[in-house]
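coords06.txt, holding compact mmCIF, C-alpha atoms:
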# COMPACT_ATOMS: atom_id res chain seq x y z
CA MET B 1 115.50 104.81 86.00
CA ARG B 2 118.40 103.28 87.93
CA SER B 3 119.16 99.59 88.11
CA ILE B 4 121.40 98.18 90.82
CA PRO B 5 122.64 94.61 90.26
CA LEU B 6 122.56 92.48 93.37
CA PRO B 7 125.45 89.98 93.04
CA PHE B 8 127.49 92.03 95.54
CA MET B 9 124.95 91.20 98.22
CA VAL B 10 126.16 88.08 99.94
CA ARG B 11 122.81 87.08 101.39
CA LEU B 12 121.03 87.15 98.05
CA ALA B 13 123.92 85.51 96.24
CA LEU B 14 123.80 82.62 98.70
CA ALA B 15 120.04 82.35 98.43
CA LEU B 16 120.10 82.30 94.66
CA GLY B 17 122.95 79.84 94.71
CA VAL B 18 120.93 77.44 96.83
CA ILE B 19 117.95 77.76 94.51
CA ALA B 20 119.81 77.39 91.24
CA CYS B 21 120.83 73.80 91.73
CA GLY B 22 121.27 71.35 88.88
CA GLY B 23 119.01 68.56 87.77
CA ASN B 24 116.31 67.69 85.28
CA THR B 25 112.87 67.44 86.80
CA PHE B 26 109.23 67.77 85.86
CA ALA B 27 109.17 71.31 87.26
CA GLN B 28 112.04 72.36 85.04
CA SER B 29 110.55 70.94 81.85
CA PHE B 30 106.88 71.85 82.44
CA SER B 31 105.12 73.43 79.49
CA THR B 32 101.52 74.22 78.69
CA VAL B 33 99.52 73.86 75.49
CA ALA B 34 97.46 76.92 76.43
CA PRO B 35 98.20 79.74 73.98
CA HIS B 36 98.27 82.31 76.81
CA ALA B 37 98.86 81.43 80.45
CA MET B 38 99.92 82.80 83.80
CA ALA B 39 100.39 81.10 87.17
CA MET B 40 101.22 83.03 90.33
CA ASP B 41 101.69 82.19 93.99
CA VAL B 42 99.72 84.82 95.90
CA ASP B 43 101.68 84.77 99.17
CA THR B 44 105.21 85.07 97.78
CA GLN B 45 104.18 86.88 94.57
CA THR B 46 106.28 84.38 92.61
CA ILE B 47 105.41 84.02 88.93
CA LEU B 48 105.52 80.26 88.41
CA LEU B 49 104.60 80.25 84.74
CA GLU B 50 103.95 82.75 82.00
CA LYS B 51 103.33 82.20 78.31
CA ALA B 52 102.40 85.04 75.96
CA ALA B 53 101.01 86.66 79.11
CA ASP B 54 100.98 90.18 77.64
CA ASP B 55 99.25 89.36 74.34
CA PRO B 56 95.71 90.79 74.01
CA VAL B 57 92.85 88.29 73.81
CA GLN B 58 89.08 88.80 73.76
CA PRO B 59 87.92 88.14 77.33
CA ALA B 60 84.41 86.78 76.80
CA SER B 61 82.75 86.41 80.22
CA VAL B 62 85.92 86.88 82.26
CA ALA B 63 85.22 90.59 81.57
CA LYS B 64 82.57 90.17 84.26
CA LEU B 65 85.36 90.13 86.85
CA MET B 66 85.84 93.84 86.17
CA THR B 67 82.09 94.36 86.49
CA ALA B 68 82.11 92.51 89.81
CA GLU B 69 84.99 94.67 91.08
CA LEU B 70 83.04 97.87 90.47
CA VAL B 71 80.00 96.43 92.25
CA PHE B 72 82.12 95.24 95.18
CA ARG B 73 83.75 98.67 95.44
CA ASP B 74 80.39 100.44 95.70
CA LEU B 75 79.16 97.89 98.23
CA LYS B 76 82.25 98.47 100.35
CA LYS B 77 81.86 102.24 100.09
CA GLY B 78 78.21 101.92 101.13
CA SER B 79 76.80 103.70 98.08
CA ILE B 80 74.70 100.57 97.41
CA THR B 81 73.68 97.57 99.51
CA PHE B 82 72.74 93.97 98.76
CA ASP B 83 69.10 95.04 98.97
CA THR B 84 69.38 97.90 96.48
CA PRO B 85 66.96 97.11 93.60
CA PHE B 86 68.16 97.51 90.00
CA TYR B 87 65.80 97.74 87.05
CA ILE B 88 65.83 95.13 84.27
CA SER B 89 65.61 97.10 81.05
CA GLU B 90 64.75 95.72 77.64
CA LYS B 91 68.45 96.04 76.74
CA ALA B 92 69.42 93.93 79.74
CA TRP B 93 66.81 91.34 78.89
CA LYS B 94 68.00 91.16 75.27
CA ALA B 95 71.61 90.74 76.39
CA GLY B 96 70.57 87.63 78.27
CA SER B 97 68.28 86.27 75.58
CA GLY B 98 71.17 85.94 73.13
CA GLY B 99 73.62 84.16 75.42
CA THR B 100 74.20 83.13 79.03
CA SER B 101 71.39 84.40 81.22
CA MET B 102 69.98 84.40 84.74
CA PHE B 103 66.54 84.68 83.07
CA ALA B 104 65.70 88.05 84.55
CA ARG B 105 62.27 89.28 83.45
CA VAL B 106 62.06 92.60 81.64
CA ASP B 107 60.52 95.57 83.48
CA THR B 108 61.16 94.11 86.93
CA LYS B 109 63.57 95.01 89.71
CA ILE B 110 66.12 92.63 91.23
CA ARG B 111 68.27 93.04 94.34
CA VAL B 112 72.01 93.61 93.88
CA GLU B 113 72.84 90.43 95.79
CA ASP B 114 70.75 88.32 93.42
CA LEU B 115 72.20 90.11 90.40
CA LEU B 116 75.70 89.37 91.69
CA ARG B 117 74.90 85.66 91.84
CA GLY B 118 73.37 85.90 88.39
CA LEU B 119 76.55 87.62 87.18
CA ILE B 120 79.11 85.31 88.82
CA VAL B 121 77.44 81.91 89.24
CA GLN B 122 75.19 81.88 86.18
CA SER B 123 77.37 84.24 84.09
CA GLY B 124 74.23 86.12 83.09
CA ASN B 125 74.67 88.79 80.44
CA ASP B 126 71.35 90.22 81.60
CA ALA B 127 72.65 90.50 85.18
CA ALA B 128 75.82 92.22 83.97
CA THR B 129 73.88 94.76 81.92
CA ALA B 130 71.44 95.48 84.75
CA LEU B 131 74.35 96.11 87.14
CA ALA B 132 76.07 98.30 84.55
CA GLU B 133 72.96 100.41 83.99
CA GLY B 134 72.29 100.60 87.73
CA LEU B 135 75.79 101.86 88.55
CA GLY B 136 76.69 103.79 85.41
CA GLY B 137 73.34 104.92 84.04
CA SER B 138 74.09 103.21 80.73
CA GLU B 139 76.23 100.40 79.37
CA GLU B 140 78.45 102.95 77.61
CA ASN B 141 79.08 104.99 80.75
CA PHE B 142 79.80 101.84 82.71
CA ALA B 143 82.35 100.68 80.12
CA ALA B 144 84.14 104.02 80.56
CA MET B 145 84.10 103.42 84.34
CA MET B 146 85.57 99.95 83.79
CA ASN B 147 88.47 101.38 81.80
CA VAL B 148 89.22 104.10 84.35
CA ARG B 149 89.19 101.50 87.10
CA ALA B 150 91.35 99.12 85.06
CA THR B 151 93.98 101.85 84.73
CA GLU B 152 93.83 102.51 88.48
CA LEU B 153 94.43 98.83 89.19
CA GLY B 154 97.38 98.58 86.81
CA LEU B 155 95.67 96.61 84.05
CA THR B 156 97.84 98.28 81.45
CA LYS B 157 96.88 96.31 78.35
CA SER B 158 93.20 95.62 78.88
CA HIS B 159 90.26 97.52 77.40
CA PHE B 160 86.54 96.98 77.97
CA THR B 161 83.60 97.93 75.77
CA ASP B 162 80.78 96.45 77.86
CA SER B 163 80.02 94.76 81.16
CA TRP B 164 79.61 91.18 79.95
CA GLY B 165 82.29 90.44 77.35
CA SER B 166 80.66 90.69 73.96
CA PRO B 167 82.66 89.55 70.89
CA ASN B 168 84.18 92.95 70.11
CA PRO B 169 87.76 93.09 68.73
CA ALA B 170 88.30 96.30 70.72
CA GLN B 171 87.56 94.47 73.98
CA VAL B 172 90.74 92.73 75.11
CA VAL B 173 92.56 91.53 78.21
CA THR B 174 95.88 89.82 78.91
CA ALA B 175 96.73 86.90 81.15
CA ARG B 176 98.93 89.12 83.31
CA ASP B 177 96.22 91.74 83.74
CA MET B 178 93.67 89.10 84.69
CA ALA B 179 96.02 87.62 87.28
CA THR B 180 96.49 91.12 88.72
CA LEU B 181 92.72 91.65 88.85
CA ALA B 182 92.12 88.25 90.43
CA GLU B 183 94.69 88.94 93.15
CA TYR B 184 93.11 92.31 93.85
CA LEU B 185 89.63 90.82 94.17
CA ILE B 186 90.86 88.10 96.53
CA LYS B 187 92.80 90.45 98.81
CA THR B 188 90.52 93.49 98.76
CA TYR B 189 87.08 91.89 99.01
CA PRO B 190 87.32 88.80 101.25
CA GLU B 191 83.76 89.44 102.41
CA TYR B 192 82.45 89.07 98.85
CA TYR B 193 84.85 86.51 97.43
CA HIS B 194 82.56 83.62 98.41
CA PHE B 195 80.29 84.42 95.44
CA PHE B 196 82.96 83.05 93.08
CA GLY B 197 82.94 79.69 94.85
CA GLU B 198 79.19 79.11 94.85
CA LYS B 199 78.45 76.09 92.69
CA GLU B 200 74.83 76.79 91.78
CA PHE B 201 72.10 79.42 91.83
CA THR B 202 68.38 79.24 91.09
CA TRP B 203 66.44 82.17 89.67
CA SER B 204 63.02 82.17 88.04
CA LYS B 205 62.80 78.52 89.16
CA ILE B 206 65.72 77.68 86.85
CA ARG B 207 68.68 76.02 88.57
CA GLN B 208 72.06 76.60 86.94
CA LEU B 209 75.50 75.27 87.85
CA ASN B 210 78.60 77.42 87.96
CA ARG B 211 80.55 76.90 84.73
CA ASN B 212 83.98 77.06 86.42
CA PRO B 213 85.41 73.50 86.23
CA ILE B 214 87.94 73.94 89.04
CA LEU B 215 85.08 74.14 91.55
CA PHE B 216 84.17 70.53 90.81
CA ASN B 217 87.51 68.69 90.71
CA ASP B 218 90.10 67.71 93.31
CA ILE B 219 92.30 70.83 93.38
CA ASN B 220 90.31 72.81 95.99
CA GLY B 221 89.31 75.54 93.56
CA ASP B 222 87.22 78.36 95.03
CA GLY B 223 86.86 80.87 92.13
CA LEU B 224 86.92 82.96 89.93
CA LYS B 225 85.42 82.96 86.37
CA VAL B 226 85.37 81.29 82.96
CA GLY B 227 84.14 82.48 79.60
CA ASN B 228 84.12 81.69 75.91
CA LEU B 229 82.89 83.04 72.62
CA PRO B 230 81.23 80.87 69.96
CA GLY B 231 83.89 78.49 68.70
CA CYS B 232 86.85 80.21 70.36
CA CYS B 233 88.44 81.90 73.33
CA PHE B 234 87.85 79.34 76.07
CA ASN B 235 89.17 81.40 78.98
CA LEU B 236 89.65 80.77 82.69
CA VAL B 237 90.73 82.88 85.62
CA GLY B 238 90.94 80.55 88.60
CA SER B 239 92.21 80.31 92.15
CA ALA B 240 92.68 77.37 94.48
CA VAL B 241 94.18 76.69 97.90
CA TYR B 242 96.18 73.63 98.94
CA ASP B 243 98.08 73.25 102.23
CA ASN B 244 97.62 76.99 102.96
CA GLN B 245 99.08 77.94 99.57
CA ARG B 246 96.93 79.98 97.18
CA LEU B 247 97.61 79.99 93.46
CA ILE B 248 96.06 82.04 90.68
CA VAL B 249 95.99 80.47 87.21
CA VAL B 250 94.91 82.22 84.02
CA ILE B 251 94.33 80.41 80.72
CA LEU B 252 93.23 82.35 77.65
CA ASP B 253 92.20 81.21 74.18
CA ALA B 254 92.14 77.46 74.82
CA LYS B 255 90.68 75.49 71.91
CA THR B 256 87.90 73.71 73.83
CA ALA B 257 86.25 73.67 77.23
CA LYS B 258 87.89 70.30 77.86
CA ASP B 259 91.35 71.67 77.05
CA ARG B 260 90.71 74.59 79.38
CA ALA B 261 89.66 72.37 82.28
CA GLU B 262 92.41 69.78 81.87
CA GLU B 263 95.17 72.34 81.45
CA ALA B 264 94.01 74.32 84.48
CA ARG B 265 94.10 71.16 86.57
CA ARG B 266 97.62 70.32 85.32
CA ILE B 267 98.98 73.78 86.11
CA PHE B 268 97.43 73.88 89.57
CA ASN B 269 98.80 70.44 90.49
CA TRP B 270 102.25 71.37 89.20
CA GLY B 271 102.21 74.67 91.08
CA PHE B 272 101.18 73.03 94.34
CA HIS B 273 103.66 70.14 94.19
CA GLY B 274 106.60 71.23 92.02
CA PHE B 275 108.11 74.08 94.05
CA ASP B 276 109.97 74.80 97.27
CA ALA B 277 109.80 78.11 99.14
CA LYS B 278 113.10 79.87 99.84
CA MET B 279 113.55 82.76 102.26
CA LEU B 280 115.58 85.61 100.76
CA PHE B 281 115.08 88.49 103.21
CA SER B 282 113.22 89.03 106.46
CA ALA B 283 110.78 91.89 106.87
CA GLY B 284 112.69 95.07 107.72
CA GLU B 285 116.06 93.65 106.69
CA THR B 286 118.22 95.93 104.52
CA ILE B 287 118.13 94.57 100.97
CA GLY B 288 120.06 97.33 99.21
CA SER B 289 120.38 101.10 99.09
CA ALA B 290 119.39 104.04 96.91
CA LYS B 291 121.38 107.18 96.16
CA VAL B 292 120.14 110.42 97.75
CA PHE B 293 120.63 113.88 96.26
CA GLY B 294 121.18 116.83 98.59
CA GLY B 295 120.76 114.88 101.81
CA ALA B 296 122.60 114.62 105.10
CA LYS B 297 123.44 111.09 103.87
CA THR B 298 124.27 110.04 100.33
CA GLU B 299 122.45 106.71 100.52
CA ILE B 300 119.32 105.33 102.13
CA PRO B 301 118.63 101.67 103.03
CA LEU B 302 115.85 99.82 101.22
CA VAL B 303 113.68 97.27 103.02
CA SER B 304 110.51 95.23 102.53
CA ASP B 305 107.49 95.40 104.84
CA THR B 306 107.12 91.63 104.61
CA ASP B 307 109.36 88.60 104.34
CA VAL B 308 110.68 88.21 100.80
CA ARG B 309 110.33 84.58 99.75
CA LEU B 310 110.58 82.92 96.37
CA LEU B 311 109.10 79.68 95.07
CA ALA B 312 111.72 77.79 93.05
CA PRO B 313 111.15 74.70 90.91
CA ARG B 314 112.49 71.61 92.64
CA GLY B 315 115.79 70.61 91.09
CA SER B 316 115.62 73.34 88.47
CA GLY B 317 118.82 74.35 86.69
CA ASP B 318 117.41 77.76 85.80
CA LYS B 319 119.78 80.63 86.61
CA LEU B 320 118.35 83.22 88.98
CA SER B 321 119.49 86.82 89.10
CA GLY B 322 118.26 89.93 90.85
CA LYS B 323 118.39 93.70 90.77
CA ILE B 324 116.90 96.75 92.45
CA VAL B 325 115.22 99.27 90.15
CA TYR B 326 114.31 102.83 91.11
CA THR B 327 114.10 106.33 89.68
CA GLY B 328 116.82 108.43 91.20
CA PRO B 329 118.74 109.73 92.82
CA LEU B 330 116.09 110.40 95.45
CA ILE B 331 115.72 114.08 96.37
CA ALA B 332 116.16 114.95 100.05
CA PRO B 333 114.40 115.18 102.38
CA VAL B 334 113.22 111.56 102.15
CA ALA B 335 110.74 110.13 104.67
CA ALA B 336 111.02 106.66 106.18
CA GLY B 337 108.57 104.05 104.90
CA GLN B 338 108.24 105.58 101.43
CA THR B 339 107.91 103.15 98.50
CA VAL B 340 110.72 104.15 96.13
CA ALA B 341 112.05 101.00 94.43
CA ARG B 342 111.30 97.46 93.33
CA LEU B 343 113.20 94.24 93.83
CA LYS B 344 113.12 92.15 90.66
CA ILE B 345 114.32 88.54 90.55
CA TYR B 346 114.52 86.65 87.26
CA ARG B 347 114.46 82.92 86.61
CA GLY B 348 116.28 82.78 83.31
CA THR B 349 114.50 85.46 81.27
CA THR B 350 111.24 85.18 83.24
CA LEU B 351 110.49 87.79 85.87
CA ALA B 352 109.80 85.48 88.82
CA LEU B 353 109.41 88.07 91.58
CA ASP B 354 108.63 91.79 91.54
CA THR B 355 108.10 93.32 94.97
CA PRO B 356 108.13 96.92 96.28
CA LEU B 357 110.90 98.26 98.51
CA LYS B 358 110.58 101.10 101.00
CA THR B 359 113.01 103.48 102.61
CA GLY B 360 114.32 102.02 105.86
CA GLU B 361 114.98 105.39 107.49
CA ALA B 362 114.59 109.11 106.90
CA VAL B 363 117.25 111.32 105.33
CA GLU B 364 117.10 115.02 106.17
CA LEU B 365 118.11 117.86 103.87
CA GLY B 366 121.90 118.23 103.88
CA PRO B 367 124.00 121.40 104.28
CA LEU B 368 124.32 123.78 101.33
CA ALA B 369 127.85 122.63 100.53
CA GLN B 370 126.73 119.00 100.27
CA ARG B 371 123.80 119.94 98.02
CA ALA B 372 126.10 121.89 95.72
CA LYS B 373 128.52 118.94 95.54
CA ASP B 374 125.70 116.52 94.72
CA ALA B 375 124.36 118.87 92.04
CA ALA B 376 127.75 119.11 90.39
CA LEU B 377 128.21 115.33 90.48
CA GLU B 378 124.76 114.68 89.04
CA LEU B 379 125.31 117.21 86.24
CA THR B 380 128.64 115.55 85.41
CA MET B 381 127.00 112.13 85.25
CA GLN B 382 124.20 113.43 83.01
CA LEU B 383 126.71 115.02 80.62
CA PHE B 384 128.74 111.82 80.58
CA HIS B 385 125.75 109.64 79.74
CA LYS B 386 124.56 112.15 77.12
CA GLY B 387 128.01 112.20 75.52
CA LEU B 388 128.27 108.42 75.60
CA ALA B 389 124.86 108.08 73.96
CA SER B 390 125.83 110.56 71.24
CA ALA B 391 129.08 108.73 70.56
CA LEU B 392 127.30 105.40 70.28
CA HIS B 393 124.70 106.92 67.98
CA ALA B 394 127.42 108.40 65.75
CA THR B 395 129.22 105.05 65.64
CA GLU B 396 126.04 103.26 64.62
CA LYS B 397 125.50 105.75 61.75
CA LYS B 398 129.10 105.73 60.48
CA PRO B 399 129.06 104.27 56.93
CA GLU B 400 130.93 101.10 56.23
CA PRO B 401 133.94 101.55 53.86
CA SER B 402 133.22 100.34 50.33
CA ALA B 403 134.97 97.32 48.93
CA ASN B 404 136.88 99.57 46.47
CA ALA B 405 138.04 102.11 49.00
CA ALA B 406 141.78 102.64 49.36
CA PRO B 407 143.32 101.24 52.54

What's the structure tokens form of this structure?
Amino acid sequence: MRSIPLPFMVRLALALGVIACGGNTFAQSFSTVAPHAMAMDVDTQTILLEKAADDPVQPASVAKLMTAELVFRDLKKGSITFDTPFYISEKAWKAGSGGTSMFARVDTKIRVEDLLRGLIVQSGNDAATALAEGLGGSEENFAAMMNVRATELGLTKSHFTDSWGSPNPAQVVTARDMATLAEYLIKTYPEYYHFFGEKEFTWSKIRQLNRNPILFNDINGDGLKVGNLPGCCFNLVGSAVYDNQRLIVVILDAKTAKDRAEEARRIFNWGFHGFDAKMLFSAGETIGSAKVFGGAKTEIPLVSDTDVRLLAPRGSGDKLSGKIVYTGPLIAPVAAGQTVARLKIYRGTTLALDTPLKTGEAVELGPLAQRAKDAALELTMQLFHKGLASALHATEKKPEPSANAAP
């Protein structure tokens, strides 16, 4: 893995210099009482806030977001439709009878669209189990499907044991993983996202309100999901839009439902009003370069498909720094438009921006003499780093002289 510092790049140095201005403001000093939190601007991919965002927490009903993703995926593929009927087994009925429920009757069939509303709006454990059994054959098979899908989506620290979020210590998520999942749902399934914003649903003549508090306050919330376990784990994965800016906020393990709602509102308001957007690079502009092994050229330019912008706290004194990270050198031939690196920008020690970079042009295979030269240089560098590592290791293990040793 190679890391290229960016201070030599004048454009980025100027941009970071403009952002890292002095001053003490609310944005700079903002903190949250939530034990685990994440706030992200969807458009710029800027991480506005993170607190213990990689610590595992029991998800409760926010696990149903993963269930919804699998249903949405099959709907989009056409393997099921809104009108596909799913059977309500005794197991599904019992799952609802002991907790949140859409009040589905045992030994009946319910359309997928109605089950989705029961899952998302009413947070029905019975709806979740019926969907799991309908798609996976059993709750256990569906949980395995959830974990495979979680890995595919990059949810690296989450693990699911069922479709509805039972209190199982083995079932865990992180704030970062939930923000990743929320972003994926918003961007991949715009045709189904409206379910998360529906404020009520009536089934079996029982009207229930959506439990997500951000749908009912003044921050323009339009999704996604809340959950809690008895006496603990008041969780929220939410999204809202203000002035064409979309934020995702995740709060895990809040002490009470009131704390969860109030803290979500605080973070959303701060995110919408405490930052300024700064342009760093235009789409297609060369941001840096990567080394190429055995090519007609020794370097290849790196670009972004989209404008690279960063949200910076107004008046913040936080130091920003950046680097390009890639595994290399790249082996020729290299095609244009290939994702090979990532641009990482840090605000202090917080990773504020992490965006992919692509090759800006193609590099063909070089002549034999050039390939031999590159091979020799790479071997020399590997031997150097190996020798340096060995020397450092030997130095670390060298015993300290005793107090009685002769000079």

Item checked: For Pro313 of chain B, the nearest of the candidates B:Leu49, B:Val241, B:Val42, B:Leu209, counting only C-alpha atoms ->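 With only C-alpha atoms as the atom set, the closest residue is B:Leu49.
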
Find the residues near Ala335 of chain B: any atom within 9 Å, counting only C-alpha atoms, skip ones fewer than 5 places away on the same chain, and give them as a compact mmCIF listing (two decimals) with C-alpha atoms, in the coordinates of the input.
# COMPACT_ATOMS: atom_id res chain seq x y z
CA THR B 359 113.01 103.48 102.61
CA GLY B 360 114.32 102.02 105.86
CA GLU B 361 114.98 105.39 107.49
CA ALA B 362 114.59 109.11 106.90
CA VAL B 363 117.25 111.32 105.33
CA GLU B 364 117.10 115.02 106.17

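The shortest atom-to-atom distance to Ile186 of chain B, with all atoms listed in the file taken into account, belongs to B:Asp222 out of B:Glu198, B:Asp222, B:Asp305, B:Asp243.
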
Next item on the list: Show which residues sit within 12 Å of Met145 of chain B, as a PyMOL selection string. Count only C-alpha atoms, and ignore same-chain residues fewer than 4 positions away.
Entry: chain B and resi 66-67+69-71+132-133+135-141+149-152+159-163

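Residue neighbourhood of segment 111-116 of chain B, excluding near-sequence residues (fewer than 4 positions): Phe82, Asp83, Thr84, Pro85 and Ala127 of chain B, at 6 Å, using only C-alpha atoms.
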
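One finds atom CA of Pro356 of chain B at 20.2 Å from atom CA of Pro333 of chain B.
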
Given 8 Å of margin on each side, can you work out the centre and size in Å (one decimal) of an axis-aligned box holding every listed atom of segment 93-98 of chain B, as lines of an AutoDock Vina configuration file?
center_x = 69.2
center_y = 88.6
center_z = 76.0
size_x = 20.8
size_y = 21.4
size_z = 21.8

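Of the listed residues (B:Asp177, B:Asp54, B:Glu299, B:Asp74), B:Asp74 comes nearest to Tyr192 of chain B; the distances count all atoms listed in the file.
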
Next item on the list: Could you give me, as a ChimeraX atom specification, the residues within 8 Å of Ala53 of chain B, counting only C-alpha atoms and dropping anything in the same chain fewer than 2 positions from it?
Entry: /B:36-38,50-51,55,174-176

Next item on the list: Counting all atoms listed in the file, figure out which residue out of B:Pro213, B:Gly96, B:Gly274, B:Pro59 gets nearest to Gln171 of chain B.
Entry: B:Pro59

Item checked: Cut-off 10 Å around (118.4, 114.4, 99.1) with only C-alpha atoms: residues as a PyMOL selection string -> chain B and resi 291-300+329-334+363-366+370-371+374

Check: Leaving out Asp41 of chain B and any residue of its chain fewer than 2 positions from it, which residues lie within 9 Å of it when counting all atoms listed in the file, given as a list of chain:residue names?
Finding: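 Near neighbours after the sequence-gap exclusion: B:Ala39, B:Asp43, B:Thr44, B:Gln45, B:Thr46, B:Ile47, B:Leu48, B:Gln245, B:Arg246, B:Leu247, B:Ile248, B:Gly271, B:Leu311.
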
Checklist line | Nearest to Leu185 of chain B by atom-to-atom distance, counting all atoms listed in the file, from B:Leu310, B:Gly98, B:Ala352, B:Gly223 | finding: B:Gly223

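Candidate residues B:Val121, B:Ile206, B:Ala63, B:Ala68 were compared for distance to Phe103 of chain B, and the nearest is B:Ile206, using only C-alpha atoms.
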
Check: By how many Å are atom CA of Lys255 of chain B and atom CA of Asn220 of chain B apart?
Finding: 24.2 Å

Notebook entry, point to check: Separation of atom CA of Gly284 of chain B and atom CA of Thr180 of chain B, in Å?
Noted result: 25.3 Å
